[in-house]
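Next comes protein.txt, with compact mmCIF, C-alpha atoms.
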# COMPACT_ATOMS: atom_id res chain seq x y z
CA PHE A 209 186.57 85.45 136.35
CA GLY A 210 188.49 82.51 134.95
CA VAL A 211 191.18 84.69 133.39
CA THR A 212 194.11 82.61 132.20
CA HIS A 213 196.17 85.20 130.31
CA ARG A 214 197.26 88.77 130.80
CA ILE A 215 198.87 91.43 128.67
CA HIS A 216 202.60 91.42 129.25
CA PRO A 217 203.88 94.63 130.91
CA GLU A 218 206.25 95.24 127.97
CA VAL A 219 203.21 95.81 125.73
CA TRP A 220 202.48 98.97 127.68
CA ARG A 221 206.06 100.29 127.44
CA GLY A 222 205.12 102.38 124.39
CA VAL A 223 202.18 104.04 126.10
CA LYS A 224 202.88 107.52 127.44
CA THR A 225 200.37 109.72 129.22
CA ILE A 226 200.30 113.29 127.95
CA HIS A 227 199.04 116.44 129.66
CA ASN A 228 195.35 115.87 128.85
CA SER A 229 195.48 112.35 130.37
CA LYS A 230 194.78 110.65 127.05
CA PRO A 231 197.22 107.85 126.26
CA LYS A 232 199.47 108.44 123.28
CA LEU A 233 201.43 105.66 121.66
CA ILE A 234 205.09 106.41 121.12
CA ASP A 235 207.22 104.57 118.57
CA ALA A 236 210.05 103.12 120.62
CA ALA A 237 212.46 103.28 117.68
CA ASP A 238 212.52 107.04 117.21
CA GLY A 239 210.18 108.49 119.85
CA SER A 240 207.72 109.84 117.28
CA PRO A 241 204.00 109.69 118.08
CA VAL A 242 201.91 106.93 116.52
CA PRO A 243 198.55 108.18 115.20
CA ALA A 244 195.51 107.21 117.24
CA PRO A 245 193.23 104.60 115.71
CA ALA A 246 190.64 106.05 113.36
CA SER A 247 186.96 105.24 113.68
CA PHE A 248 184.80 105.73 110.63
CA ARG A 249 181.07 106.17 110.83
CA SER A 250 178.38 106.91 108.34
CA VAL A 251 178.45 110.43 106.92
CA ASN A 252 174.72 110.49 107.65
CA ALA A 253 174.76 109.54 111.32
CA GLN A 254 171.01 110.16 111.71
CA GLU A 255 170.26 107.27 109.36
CA ASN A 256 173.00 105.05 110.82
CA VAL A 257 173.65 103.50 107.42
CA GLY A 258 177.26 102.57 108.17
CA ILE A 259 180.30 102.98 105.94
CA LEU A 260 179.15 100.60 103.20
CA PRO A 261 176.59 101.44 100.55
CA PRO A 262 173.28 99.78 101.51
CA ARG A 263 173.40 97.20 98.67
CA LEU A 264 176.88 96.04 99.72
CA TYR A 265 175.96 95.98 103.39
CA LYS A 266 172.88 93.84 102.68
CA GLY A 267 174.86 91.58 100.36
CA ILE A 268 177.66 90.95 102.83
CA CYS A 269 175.18 90.41 105.68
CA ASP A 270 173.35 87.85 103.52
CA LEU A 271 176.65 86.15 102.66
CA PHE A 272 177.58 85.74 106.32
CA GLN A 273 174.19 85.30 108.00
CA PRO A 274 174.27 82.50 110.59
CA ASN A 275 172.52 79.95 108.34
CA ALA A 276 174.43 80.90 105.17
CA ILE A 277 176.12 78.17 103.13
CA TYR A 278 179.50 79.87 103.79
CA TRP A 279 179.67 78.43 107.31
CA LYS A 280 179.00 74.84 106.19
CA GLU A 281 181.25 74.93 103.12
CA SER A 282 184.13 76.51 105.07
CA ASP A 283 183.83 73.90 107.86
CA TYR A 284 183.86 76.84 110.25
CA ASP A 285 182.67 74.97 113.34
CA ARG A 286 185.51 72.41 113.23
CA ARG A 287 188.31 74.26 111.50
CA GLY A 288 189.38 76.84 114.06
CA TYR A 289 190.57 80.31 113.14
CA TYR A 290 191.60 80.84 109.55
CA SER A 291 191.80 83.72 107.13
CA TYR A 292 192.10 84.60 103.46
CA PHE A 293 194.63 86.87 101.75
CA LEU A 294 193.62 89.21 98.95
CA ASP A 295 196.55 90.31 96.76
CA LEU A 296 195.94 93.96 95.91
CA SER A 297 197.45 93.92 92.44
CA ASP A 298 196.61 96.72 90.00
CA GLU A 299 194.18 94.37 88.24
CA MET A 300 192.41 93.58 91.51
CA LYS A 301 192.11 97.27 92.34
CA THR A 302 190.37 97.98 89.03
CA SER A 303 188.27 94.81 88.70
CA PRO A 304 187.14 93.21 91.96
CA SER A 305 185.39 89.93 91.12
CA ASN A 306 183.14 89.37 94.15
CA ILE A 307 181.46 91.20 97.00
CA ILE A 308 184.34 90.70 99.48
CA GLU A 309 186.84 92.14 97.01
CA ASP A 310 184.47 95.04 96.29
CA VAL A 311 184.06 95.83 99.99
CA ILE A 312 187.82 95.73 100.57
CA VAL A 313 189.05 97.48 97.41
CA ASN A 314 186.37 100.12 96.92
CA ASN A 315 185.29 100.84 100.48
CA LEU A 316 187.65 99.77 103.28
CA LEU A 317 190.97 100.38 101.52
CA PRO A 318 190.21 104.04 100.68
CA LEU A 319 189.21 104.64 104.31
CA ALA A 320 192.32 102.91 105.62
CA LYS A 321 194.54 104.99 103.35
CA ARG A 322 193.17 108.29 104.68
CA GLY A 323 195.44 108.23 107.71
CA LEU A 324 198.58 107.16 105.86
CA SER A 325 201.30 109.08 104.08
CA ALA A 326 201.60 108.58 100.31
CA GLU A 327 204.73 106.53 100.97
CA ASP A 328 202.92 104.22 103.39
CA GLN A 329 199.92 103.91 101.06
CA GLU A 330 202.25 102.48 98.40
CA LYS A 331 203.41 99.78 100.82
CA ILE A 332 199.98 98.15 100.98
CA VAL A 333 200.18 94.96 98.93
CA GLY A 334 197.28 92.91 100.24
CA ALA A 335 194.44 92.50 102.67
CA GLU A 336 193.79 89.62 105.03
CA TRP A 337 190.17 88.96 105.90
CA TRP A 338 188.10 86.58 107.95
CA CYS A 339 184.66 86.41 109.44
CA HIS A 340 183.30 85.07 112.72
CA HIS A 341 179.83 84.48 114.00
CA ARG A 342 179.03 83.94 117.64
CA PRO A 343 175.76 83.47 119.52
CA ILE A 344 174.93 86.69 121.36
CA SER A 345 174.74 84.84 124.69
CA ALA A 346 178.19 83.26 124.22
CA ASN A 347 180.04 86.57 124.74
CA LEU A 348 182.96 85.22 122.72
CA GLY A 349 185.24 87.30 120.61
CA HIS A 350 188.50 86.85 118.81
CA ASN A 351 191.39 85.89 121.08
CA LEU A 352 193.71 88.69 122.09
CA HIS A 353 196.42 88.75 119.47
CA PHE A 354 198.55 90.94 117.26
CA ASP A 355 198.59 90.73 113.51
CA THR A 356 201.77 89.36 111.99
CA ASP A 357 202.91 87.39 108.96
CA GLU A 358 202.91 83.94 110.53
CA ALA A 359 204.66 82.28 107.56
CA LEU A 360 207.53 84.77 107.79
CA LEU A 361 207.66 84.27 111.55
CA ALA A 362 207.95 80.49 111.12
CA GLU A 363 210.50 80.67 108.27
CA GLU A 364 212.75 83.54 109.36
CA GLN A 365 211.76 84.22 112.99
CA SER A 366 210.94 87.76 111.87
CA ILE A 367 207.98 89.65 113.28
CA THR A 368 206.23 92.02 110.91
CA HIS A 369 202.96 93.85 111.31
CA PRO A 370 200.47 95.28 108.84
CA ILE A 371 200.78 98.96 108.11
CA VAL A 372 197.09 99.33 108.97
CA SER A 373 194.41 97.07 110.44
CA SER A 374 190.66 97.51 110.38
CA VAL A 375 187.59 95.79 111.71
CA LEU A 376 184.19 95.84 110.02
CA TYR A 377 181.33 94.78 112.27
CA LEU A 378 178.23 93.63 110.41
CA THR A 379 176.07 93.65 113.54
CA GLY A 380 176.30 95.67 116.68
CA GLY A 381 174.99 93.59 119.53
CA ALA A 382 171.67 92.37 120.82
CA ASP A 383 169.65 94.78 118.67
CA GLY A 384 171.45 93.64 115.50
CA GLY A 385 172.23 97.22 114.45
CA GLN A 386 175.24 98.22 112.41

Take the structure in this file and express it as structure tokens.
Amino acid sequence: FGVTHRIHPEVWRGVKTIHNSKPKLIDAADGSPVPAPASFRSVNAQENVGILPPRLYKGICDLFQPNAIYWKESDYDRRGYYSYFLDLSDEMKTSPSNIIEDVIVNNLLPLAKRGLSAEDQEKIVGAEWWCHHRPISANLGHNLHFDTDEALLAEEQSITHPIVSSVLYLTGGADGGQ
């Protein structure tokens, strides 16, 4: 298969099988359960409209379509992986200035907050985002990784993780569905 990397056994240390055979993540620090990842779908599953309002979904699909100017102007094909950080200041939360900010602030952030305590919701200070496009036949995805503040890691050798992560797929495979 050409596999060159594997998940280190220590990654699985926090996984504990419970009586119904479903894995449950356990926080190694205090033994408390970690909530399972949430999956959000359209409230109208029969129409399969996704979690974004149709105008936003169409707009963001247009912005990132394979022949969109974004890919050329960002030098995507030669630049490697990169991302953007959106500071979620109070002003940003009330006045997003473009479609990406609108999607994050008014659609994804409220969904992400649903599974968090009020205390944890207050800890959210920003959102990192990026976009990839791959030919369907290439079967490439994003490299296995964990999210961390790489600048903090380089400066202080401290590993931090986001309080919540999400993925928004604009297409769903060979049929191009949501």

Practice task
Pick out the closest residue to Tyr289 in chain A from this set: A:Val372, A:Trp338, A:Leu352, A:Ala359. Count all atoms listed in the file.
Solution key: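 Distance minimum relative to Tyr289 in chain A lands on A:Trp338.
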
Exercise for the section: Calculate how many Å separate CA of Arg263 in chain A from CA of Gln329 in chain A, rounding to one decimal. Expected result: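 The value is 27.5 Å.
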
Handout entry: Long-range neighbours of Asp355 in chain A as a PyMOL selection string, 10 Å cut-off, all atoms listed in the file, 5 positions minimum in chain
Key = chain A and resi 336+367-370+372-373
